[in-house]
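Inspection log for the structure reproduced underneath, given as C-alpha coordinates.
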Amino acid sequence: MRHFIFVFALLFMSAPALADRASECRRQCGEDAACYRRCMGYFSDYRRGGGGHYYRPRAYRQAPSSLNAPKIEPEANAPKAEPQASAPREEPQTNAPRAEPQAPTAKAPAKRRSAKKDLARPSILGTAYDFLYAPGAETEGYGLYSYVILPRPSERAVAFLRELVGRFPAASDVSAAKERINVLYIPTKASARGQAAFPADAGPTVVKAFLNKNYDFAMAQRLLFHLCDKPAPTVEQLCANDLSGGPYLLTYATKVSDLSPLPPPFLFVDLTNVRPRAFPLFVAAYAAQVKRPEFSDGARLADFRLQLVNIVLTAADWVQPVSAAVADIAHFAEAKKSDGEAPK
Amino acid sequence: MKLSLPRVVAVFLLAIALGAAFSFAYPSVDIDAALATVIVLLALAAESLAAFIYRRVVNRG
(Lines give C-alpha, C1' and ligand atoms only; values in the text may rest on other atoms or scores of the structure.)
Protein backbone atom coordinates (compact mmCIF):
# COMPACT_ATOMS: atom_id res chain seq x y z
CA MET A 1 0.00 0.00 0.00
CA ARG A 2 2.84 2.32 0.85
CA HIS A 3 4.26 1.81 -2.62
CA PHE A 4 1.04 2.88 -4.26
CA ILE A 5 0.90 5.99 -2.14
CA PHE A 6 4.48 6.75 -3.08
CA VAL A 7 3.77 6.35 -6.80
CA PHE A 8 0.70 8.56 -6.60
CA ALA A 9 2.65 11.18 -4.70
CA LEU A 10 5.33 11.15 -7.36
CA LEU A 11 2.73 11.55 -10.08
CA PHE A 12 1.10 14.48 -8.32
CA MET A 13 4.47 16.12 -7.76
CA SER A 14 5.50 15.79 -11.39
CA ALA A 15 2.18 16.95 -12.80
CA PRO A 16 2.88 20.72 -12.59
CA ALA A 17 6.27 20.31 -14.27
CA LEU A 18 4.69 18.31 -17.05
CA ALA A 19 1.98 20.90 -17.52
CA ASP A 20 4.57 23.68 -17.70
CA ARG A 21 6.54 21.80 -20.29
CA ALA A 22 3.43 21.02 -22.31
CA SER A 23 2.40 24.68 -22.41
CA GLU A 24 5.93 25.71 -23.36
CA CYS A 25 6.03 23.15 -26.16
CA ARG A 26 2.63 24.18 -27.41
CA ARG A 27 3.76 27.78 -27.49
CA GLN A 28 6.86 26.81 -29.49
CA CYS A 29 5.27 24.41 -31.91
CA GLY A 30 1.77 25.73 -32.43
CA GLU A 31 -0.25 23.20 -34.39
CA ASP A 32 2.68 21.06 -35.49
CA ALA A 33 1.98 17.74 -33.75
CA ALA A 34 5.31 16.18 -34.68
CA CYS A 35 7.20 19.16 -33.29
CA TYR A 36 5.15 18.93 -30.12
CA ARG A 37 5.94 15.24 -29.69
CA ARG A 38 9.63 15.90 -30.16
CA CYS A 39 9.53 18.79 -27.74
CA MET A 40 7.83 16.67 -25.09
CA GLY A 41 10.41 13.97 -25.63
CA TYR A 42 8.00 11.26 -26.70
CA PHE A 43 9.76 8.26 -28.26
CA SER A 44 13.13 9.88 -27.84
CA ASP A 45 14.87 7.41 -25.55
CA TYR A 46 13.10 4.48 -27.07
CA ARG A 47 14.25 5.17 -30.58
CA ARG A 48 17.68 6.43 -29.81
CA GLY A 49 18.37 3.10 -28.21
CA GLY A 50 20.65 3.71 -25.31
CA GLY A 51 21.73 0.13 -25.02
CA GLY A 52 23.76 -1.51 -27.71
CA HIS A 53 23.66 -1.29 -31.44
CA TYR A 54 20.63 -3.41 -31.99
CA TYR A 55 18.32 -3.81 -34.91
CA ARG A 56 16.51 -0.59 -34.26
CA PRO A 57 16.55 1.74 -37.20
CA ARG A 58 19.05 4.53 -36.98
CA ALA A 59 16.78 7.40 -37.77
CA TYR A 60 18.29 10.84 -37.58
CA ARG A 61 15.67 13.23 -36.35
CA GLN A 62 15.26 16.44 -38.25
CA ALA A 63 14.86 19.83 -36.67
CA PRO A 64 11.27 21.00 -36.33
CA SER A 65 10.20 22.13 -39.74
CA SER A 66 7.69 24.61 -38.35
CA LEU A 67 10.49 26.58 -36.75
CA ASN A 68 12.65 26.61 -39.82
CA ALA A 69 9.96 27.07 -42.34
CA PRO A 70 9.36 30.82 -42.17
CA LYS A 71 13.05 31.56 -42.42
CA ILE A 72 13.60 29.80 -45.71
CA GLU A 73 14.60 32.02 -48.54
CA PRO A 74 14.00 30.71 -52.02
CA GLU A 75 17.21 29.25 -53.32
CA ALA A 76 17.79 29.12 -57.02
CA ASN A 77 20.07 26.12 -57.24
CA ALA A 78 20.99 24.56 -54.00
CA PRO A 79 24.49 23.11 -54.06
CA LYS A 80 24.69 19.34 -54.10
CA ALA A 81 27.93 18.31 -52.51
CA GLU A 82 30.16 21.08 -51.50
CA PRO A 83 33.82 20.32 -51.33
CA GLN A 84 35.17 20.07 -47.84
CA ALA A 85 37.90 22.64 -48.20
CA SER A 86 35.94 25.44 -49.79
CA ALA A 87 33.01 25.31 -47.40
CA PRO A 88 33.11 27.83 -44.59
CA ARG A 89 33.74 26.25 -41.23
CA GLU A 90 31.78 28.62 -39.00
CA GLU A 91 28.30 28.75 -40.31
CA PRO A 92 25.55 30.67 -38.56
CA GLN A 93 23.46 28.12 -36.75
CA THR A 94 19.77 28.03 -37.32
CA ASN A 95 17.58 28.70 -34.34
CA ALA A 96 16.46 25.11 -34.11
CA PRO A 97 16.30 24.06 -30.47
CA ARG A 98 17.86 20.70 -31.21
CA ALA A 99 20.75 21.83 -33.35
CA GLU A 100 23.16 18.94 -33.61
CA PRO A 101 26.64 19.61 -32.30
CA GLN A 102 28.55 18.16 -35.22
CA ALA A 103 27.76 20.07 -38.34
CA PRO A 104 28.83 18.78 -41.72
CA THR A 105 29.95 21.59 -43.95
CA ALA A 106 27.05 21.13 -46.32
CA LYS A 107 24.60 21.03 -43.45
CA ALA A 108 22.93 24.40 -43.44
CA PRO A 109 22.04 24.62 -47.14
CA ALA A 110 21.03 20.99 -47.21
CA LYS A 111 18.93 21.40 -44.09
CA ARG A 112 17.12 24.36 -45.54
CA ARG A 113 16.74 22.47 -48.76
CA SER A 114 15.30 19.42 -47.03
CA ALA A 115 13.00 21.55 -44.89
CA LYS A 116 11.78 23.30 -48.00
CA LYS A 117 11.33 19.95 -49.65
CA ASP A 118 9.36 18.70 -46.66
CA LEU A 119 6.94 21.54 -47.03
CA ALA A 120 6.42 20.93 -50.70
CA ARG A 121 6.81 17.17 -50.79
CA PRO A 122 3.70 15.26 -51.73
CA SER A 123 3.01 12.08 -49.82
CA ILE A 124 4.73 8.92 -50.97
CA LEU A 125 2.42 6.37 -52.56
CA GLY A 126 4.77 3.45 -52.78
CA THR A 127 8.23 2.07 -53.31
CA ALA A 128 9.82 0.74 -56.47
CA TYR A 129 13.28 -0.59 -57.13
CA ASP A 130 15.75 0.28 -59.83
CA PHE A 131 19.38 -0.42 -60.64
CA LEU A 132 22.11 2.14 -60.03
CA TYR A 133 24.97 1.70 -62.47
CA ALA A 134 27.18 4.61 -61.44
CA PRO A 135 27.38 7.09 -58.57
CA GLY A 136 25.22 10.10 -59.33
CA ALA A 137 23.37 8.35 -62.13
CA GLU A 138 20.05 8.36 -60.31
CA THR A 139 17.00 9.56 -62.18
CA GLU A 140 15.89 13.00 -61.04
CA GLY A 141 12.48 13.77 -59.68
CA TYR A 142 11.68 10.96 -57.25
CA GLY A 143 10.10 11.74 -53.92
CA LEU A 144 12.64 9.80 -51.91
CA TYR A 145 15.87 8.04 -52.76
CA SER A 146 16.75 4.80 -51.02
CA TYR A 147 19.75 2.53 -51.37
CA VAL A 148 20.11 -1.17 -50.69
CA ILE A 149 23.49 -1.57 -49.04
CA LEU A 150 24.80 -5.12 -48.83
CA PRO A 151 28.39 -5.23 -47.57
CA ARG A 152 29.14 -8.75 -48.80
CA PRO A 153 27.45 -11.69 -50.47
CA SER A 154 25.73 -13.95 -47.97
CA GLU A 155 22.58 -15.96 -47.49
CA ARG A 156 21.13 -13.06 -45.53
CA ALA A 157 21.83 -10.71 -48.42
CA VAL A 158 20.13 -13.10 -50.82
CA ALA A 159 17.08 -13.40 -48.56
CA PHE A 160 16.85 -9.65 -48.13
CA LEU A 161 17.22 -8.79 -51.80
CA ARG A 162 14.74 -11.48 -52.71
CA GLU A 163 12.25 -10.02 -50.30
CA LEU A 164 12.73 -6.54 -51.76
CA VAL A 165 12.38 -7.48 -55.41
CA GLY A 166 9.47 -9.76 -54.59
CA ARG A 167 7.60 -7.12 -52.66
CA PHE A 168 8.26 -3.97 -54.68
CA PRO A 169 7.74 -3.50 -58.41
CA ALA A 170 10.44 -2.30 -60.76
CA ALA A 171 10.49 1.44 -61.25
CA SER A 172 9.89 0.98 -64.97
CA ASP A 173 6.61 -0.75 -64.21
CA VAL A 174 5.24 2.02 -62.03
CA SER A 175 2.94 4.53 -63.66
CA ALA A 176 2.53 6.91 -60.71
CA ALA A 177 4.20 10.31 -60.67
CA LYS A 178 7.86 10.09 -59.74
CA GLU A 179 7.63 12.59 -56.92
CA ARG A 180 5.25 10.25 -55.15
CA ILE A 181 7.54 7.23 -55.36
CA ASN A 182 10.35 6.15 -53.08
CA VAL A 183 12.91 4.66 -55.43
CA LEU A 184 15.03 1.89 -54.02
CA TYR A 185 18.33 1.75 -55.82
CA ILE A 186 20.32 -1.46 -56.03
CA PRO A 187 23.99 -0.73 -56.77
CA THR A 188 24.83 -2.63 -59.93
CA LYS A 189 28.05 -2.95 -61.89
CA ALA A 190 28.25 -0.84 -65.02
CA SER A 191 29.06 -3.96 -67.03
CA ALA A 192 25.55 -5.23 -66.27
CA ARG A 193 23.87 -2.13 -67.70
CA GLY A 194 20.42 -2.96 -69.00
CA GLN A 195 19.79 -5.50 -66.27
CA ALA A 196 16.23 -6.77 -66.62
CA ALA A 197 13.85 -6.45 -63.71
CA PHE A 198 13.44 -9.50 -61.53
CA PRO A 199 10.30 -11.55 -61.85
CA ALA A 200 8.02 -11.17 -58.84
CA ASP A 201 8.64 -14.77 -57.82
CA ALA A 202 12.40 -14.66 -58.33
CA GLY A 203 14.01 -17.71 -56.81
CA PRO A 204 17.05 -17.65 -54.55
CA THR A 205 19.31 -18.94 -57.31
CA VAL A 206 18.44 -15.99 -59.57
CA VAL A 207 19.05 -13.47 -56.81
CA LYS A 208 22.22 -15.21 -55.71
CA ALA A 209 23.57 -15.15 -59.26
CA PHE A 210 22.80 -11.44 -59.50
CA LEU A 211 24.53 -10.76 -56.21
CA ASN A 212 27.65 -12.68 -57.15
CA LYS A 213 27.98 -11.32 -60.66
CA ASN A 214 26.30 -7.96 -60.93
CA TYR A 215 25.82 -6.36 -57.53
CA ASP A 216 28.36 -3.58 -57.02
CA PHE A 217 29.69 -4.10 -53.52
CA ALA A 218 32.25 -1.34 -54.01
CA MET A 219 29.52 1.21 -54.66
CA ALA A 220 27.60 -0.05 -51.65
CA GLN A 221 30.72 0.40 -49.55
CA ARG A 222 31.12 3.90 -50.92
CA LEU A 223 27.57 4.73 -49.82
CA LEU A 224 28.45 3.58 -46.33
CA PHE A 225 31.55 5.73 -46.43
CA HIS A 226 29.38 8.71 -47.36
CA LEU A 227 27.27 7.99 -44.33
CA CYS A 228 30.27 7.63 -42.05
CA ASP A 229 32.09 10.68 -43.29
CA LYS A 230 31.43 12.92 -40.29
CA PRO A 231 28.70 10.59 -39.06
CA ALA A 232 25.56 11.67 -37.31
CA PRO A 233 25.45 10.73 -33.61
CA THR A 234 22.99 7.93 -34.20
CA VAL A 235 25.28 6.13 -36.65
CA GLU A 236 28.55 6.86 -34.90
CA GLN A 237 28.59 3.49 -33.20
CA LEU A 238 27.87 1.69 -36.45
CA CYS A 239 30.59 3.60 -38.24
CA ALA A 240 33.08 2.64 -35.54
CA ASN A 241 32.49 -1.03 -36.37
CA ASP A 242 33.75 -2.90 -39.39
CA LEU A 243 30.53 -2.29 -41.37
CA SER A 244 30.38 -5.91 -42.38
CA GLY A 245 26.93 -6.59 -40.95
CA GLY A 246 23.86 -5.56 -42.77
CA PRO A 247 21.82 -5.49 -44.79
CA TYR A 248 21.25 -1.77 -44.59
CA LEU A 249 18.74 0.60 -46.13
CA LEU A 250 19.49 4.28 -46.51
CA THR A 251 16.73 6.72 -47.41
CA TYR A 252 17.21 10.36 -48.20
CA ALA A 253 15.21 13.18 -49.70
CA THR A 254 17.63 13.66 -52.58
CA LYS A 255 20.12 11.44 -54.35
CA VAL A 256 23.13 10.78 -52.19
CA SER A 257 25.50 8.60 -54.15
CA ASP A 258 27.61 11.64 -55.10
CA LEU A 259 27.05 13.48 -51.81
CA SER A 260 29.60 13.28 -49.03
CA PRO A 261 29.28 13.87 -46.13
CA LEU A 262 25.62 13.16 -45.74
CA PRO A 263 23.75 15.83 -43.80
CA PRO A 264 20.66 14.84 -41.82
CA PRO A 265 17.79 14.10 -41.93
CA PHE A 266 17.99 10.59 -43.27
CA LEU A 267 16.59 7.21 -42.42
CA PHE A 268 19.15 4.51 -41.92
CA VAL A 269 17.84 1.02 -41.23
CA ASP A 270 20.36 -1.42 -39.84
CA LEU A 271 19.11 -5.00 -40.08
CA THR A 272 22.29 -6.63 -38.81
CA ASN A 273 20.59 -8.38 -35.91
CA VAL A 274 17.33 -9.15 -37.64
CA ARG A 275 16.63 -12.76 -38.48
CA PRO A 276 16.10 -13.48 -42.18
CA ARG A 277 12.68 -14.89 -41.41
CA ALA A 278 11.69 -11.52 -40.03
CA PHE A 279 12.81 -9.61 -43.13
CA PRO A 280 9.29 -9.53 -44.63
CA LEU A 281 7.94 -7.85 -41.51
CA PHE A 282 10.72 -5.28 -41.38
CA VAL A 283 10.51 -4.53 -45.08
CA ALA A 284 6.76 -4.03 -44.74
CA ALA A 285 7.38 -1.67 -41.82
CA TYR A 286 9.98 0.16 -43.86
CA ALA A 287 7.51 0.57 -46.73
CA ALA A 288 5.04 2.08 -44.28
CA GLN A 289 7.71 4.26 -42.72
CA VAL A 290 8.69 6.01 -45.94
CA LYS A 291 5.07 6.99 -46.49
CA ARG A 292 5.07 9.05 -43.34
CA PRO A 293 5.49 12.81 -43.74
CA GLU A 294 8.55 12.58 -41.52
CA PHE A 295 10.16 9.61 -43.14
CA SER A 296 13.25 9.82 -40.95
CA ASP A 297 11.58 9.44 -37.56
CA GLY A 298 11.65 5.63 -37.66
CA ALA A 299 8.36 5.30 -35.77
CA ARG A 300 7.11 2.33 -37.76
CA LEU A 301 10.38 0.47 -37.45
CA ALA A 302 10.85 1.01 -33.73
CA ASP A 303 7.77 -1.06 -33.13
CA PHE A 304 7.44 -3.38 -30.12
CA ARG A 305 5.71 -5.95 -32.29
CA LEU A 306 8.71 -6.16 -34.62
CA GLN A 307 11.14 -6.41 -31.74
CA LEU A 308 9.09 -9.14 -30.13
CA VAL A 309 8.98 -11.30 -33.24
CA ASN A 310 12.70 -10.83 -33.75
CA ILE A 311 13.38 -12.05 -30.21
CA VAL A 312 11.11 -15.05 -30.66
CA LEU A 313 12.71 -15.93 -33.99
CA THR A 314 16.15 -15.55 -32.44
CA ALA A 315 15.11 -18.02 -29.75
CA ALA A 316 13.81 -20.34 -32.46
CA ASP A 317 17.16 -20.21 -34.22
CA TRP A 318 18.87 -21.07 -30.95
CA VAL A 319 16.58 -24.06 -30.51
CA GLN A 320 17.26 -25.26 -34.04
CA PRO A 321 20.62 -26.93 -33.26
CA VAL A 322 19.03 -28.82 -30.38
CA SER A 323 16.36 -30.35 -32.56
CA ALA A 324 18.98 -31.04 -35.22
CA ALA A 325 21.15 -32.79 -32.64
CA VAL A 326 18.21 -34.87 -31.46
CA ALA A 327 17.49 -35.77 -35.06
CA ASP A 328 21.09 -36.88 -35.42
CA ILE A 329 20.82 -39.05 -32.35
CA ALA A 330 17.48 -40.63 -33.09
CA HIS A 331 17.25 -42.28 -36.47
CA PHE A 332 14.02 -43.75 -37.64
CA ALA A 333 13.98 -46.29 -40.37
CA GLU A 334 10.78 -47.51 -41.86
CA ALA A 335 10.54 -51.07 -43.00
CA LYS A 336 9.73 -51.30 -46.67
CA LYS A 337 7.88 -53.90 -48.57
CA SER A 338 9.56 -55.79 -51.32
CA ASP A 339 7.84 -53.66 -53.99
CA GLY A 340 9.20 -50.45 -52.48
CA GLU A 341 5.99 -49.11 -50.90
CA ALA A 342 5.88 -48.09 -47.27
CA PRO A 343 3.79 -50.38 -45.05
CA LYS A 344 0.36 -49.08 -44.11
CA MET B 1 8.75 -29.56 -10.32
CA LYS B 2 5.88 -31.96 -10.13
CA LEU B 3 4.08 -32.26 -13.43
CA SER B 4 0.57 -33.43 -12.79
CA LEU B 5 -1.87 -34.16 -15.58
CA PRO B 6 -3.85 -30.91 -15.15
CA ARG B 7 -0.65 -28.92 -15.40
CA VAL B 8 0.41 -30.75 -18.55
CA VAL B 9 -3.00 -30.07 -20.06
CA ALA B 10 -2.73 -26.43 -19.04
CA VAL B 11 0.66 -26.12 -20.73
CA PHE B 12 -0.71 -27.83 -23.82
CA LEU B 13 -3.71 -25.51 -24.06
CA LEU B 14 -1.60 -22.46 -23.36
CA ALA B 15 0.84 -23.45 -26.09
CA ILE B 16 -2.02 -23.81 -28.56
CA ALA B 17 -3.35 -20.42 -27.56
CA LEU B 18 0.07 -18.83 -27.92
CA GLY B 19 0.59 -20.45 -31.31
CA ALA B 20 -2.79 -19.21 -32.50
CA ALA B 21 -2.05 -15.72 -31.22
CA PHE B 22 1.31 -15.74 -32.97
CA SER B 23 -0.27 -16.84 -36.23
CA PHE B 24 -2.80 -14.03 -36.03
CA ALA B 25 -0.19 -11.45 -35.10
CA TYR B 26 2.37 -12.50 -37.72
CA PRO B 27 0.60 -14.23 -40.60
CA SER B 28 3.68 -14.12 -42.81
CA VAL B 29 5.88 -16.08 -40.40
CA ASP B 30 5.62 -19.84 -40.68
CA ILE B 31 5.68 -21.80 -37.45
CA ASP B 32 8.25 -24.53 -37.86
CA ALA B 33 9.49 -27.08 -35.32
CA ALA B 34 11.97 -24.70 -33.68
CA LEU B 35 9.41 -21.94 -33.31
CA ALA B 36 6.87 -24.42 -31.94
CA THR B 37 9.44 -25.52 -29.38
CA VAL B 38 9.94 -21.92 -28.30
CA ILE B 39 6.19 -21.46 -27.98
CA VAL B 40 5.89 -24.59 -25.83
CA LEU B 41 8.77 -23.37 -23.65
CA LEU B 42 7.06 -20.02 -23.26
CA ALA B 43 3.83 -21.76 -22.29
CA LEU B 44 5.70 -23.86 -19.75
CA ALA B 45 7.34 -20.78 -18.30
CA ALA B 46 4.03 -18.94 -18.09
CA GLU B 47 2.34 -21.89 -16.43
CA SER B 48 5.17 -22.25 -13.91
CA LEU B 49 5.03 -18.56 -13.09
CA ALA B 50 1.27 -18.70 -12.65
CA ALA B 51 1.58 -21.75 -10.39
CA PHE B 52 4.26 -20.05 -8.32
CA ILE B 53 2.14 -16.93 -7.84
CA TYR B 54 -0.89 -19.06 -7.03
CA ARG B 55 1.05 -20.97 -4.37
CA ARG B 56 2.28 -17.76 -2.83
CA VAL B 57 -1.22 -16.32 -2.68
CA VAL B 58 -2.70 -19.52 -1.24
CA ASN B 59 0.02 -19.85 1.40
CA ARG B 60 -0.42 -16.27 2.45
CA GLY B 61 -4.16 -16.73 2.80
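Letters A, B, ... go to the chains of the C-alpha coordinates in the order shown; residues in each chain start at 1; ligands are counted from 1 in the same order.
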TODO: Check the DSSP output for the backbone and give back, as a PyMOL selection string, the residues of chain B in alpha helix (DSSP H).
DONE: chain B and resi 5-25+33-60
Each residue of chain B with at least one atom at most 10 Å from chain A should appear once, together with its nearest atom pair and the corresponding distance in Å (one decimal); atoms considered: only C-alpha atoms; ordering: chain, then increasing residue number; output as JSON lines.
```
{"residue": "B:Phe22", "atom": "CA", "partner": "A:Val309", "partner_atom": "CA", "distance": 8.9}
{"residue": "B:Ala25", "atom": "CA", "partner": "A:Arg305", "partner_atom": "CA", "distance": 8.5}
{"residue": "B:Tyr26", "atom": "CA", "partner": "A:Val309", "partner_atom": "CA", "distance": 8.1}
{"residue": "B:Pro27", "atom": "CA", "partner": "A:Leu281", "partner_atom": "CA", "distance": 9.8}
{"residue": "B:Ser28", "atom": "CA", "partner": "A:Pro280", "partner_atom": "CA", "distance": 7.5}
{"residue": "B:Val29", "atom": "CA", "partner": "A:Arg277", "partner_atom": "CA", "distance": 7.0}
{"residue": "B:Asp30", "atom": "CA", "partner": "A:Arg277", "partner_atom": "CA", "distance": 8.7}
{"residue": "B:Ile31", "atom": "CA", "partner": "A:Ala316", "partner_atom": "CA", "distance": 9.7}
{"residue": "B:Asp32", "atom": "CA", "partner": "A:Ala316", "partner_atom": "CA", "distance": 8.8}
{"residue": "B:Ala33", "atom": "CA", "partner": "A:Gln320", "partner_atom": "CA", "distance": 8.1}
{"residue": "B:Ala34", "atom": "CA", "partner": "A:Ala316", "partner_atom": "CA", "distance": 4.9}
{"residue": "B:Leu35", "atom": "CA", "partner": "A:Ala316", "partner_atom": "CA", "distance": 4.8}
{"residue": "B:Ala36", "atom": "CA", "partner": "A:Ala316", "partner_atom": "CA", "distance": 8.1}
{"residue": "B:Thr37", "atom": "CA", "partner": "A:Val319", "partner_atom": "CA", "distance": 7.4}
{"residue": "B:Val38", "atom": "CA", "partner": "A:Ala316", "partner_atom": "CA", "distance": 5.9}
{"residue": "B:Ile39", "atom": "CA", "partner": "A:Val312", "partner_atom": "CA", "distance": 8.5}
{"residue": "B:Leu42", "atom": "CA", "partner": "A:Val312", "partner_atom": "CA", "distance": 9.8}
```
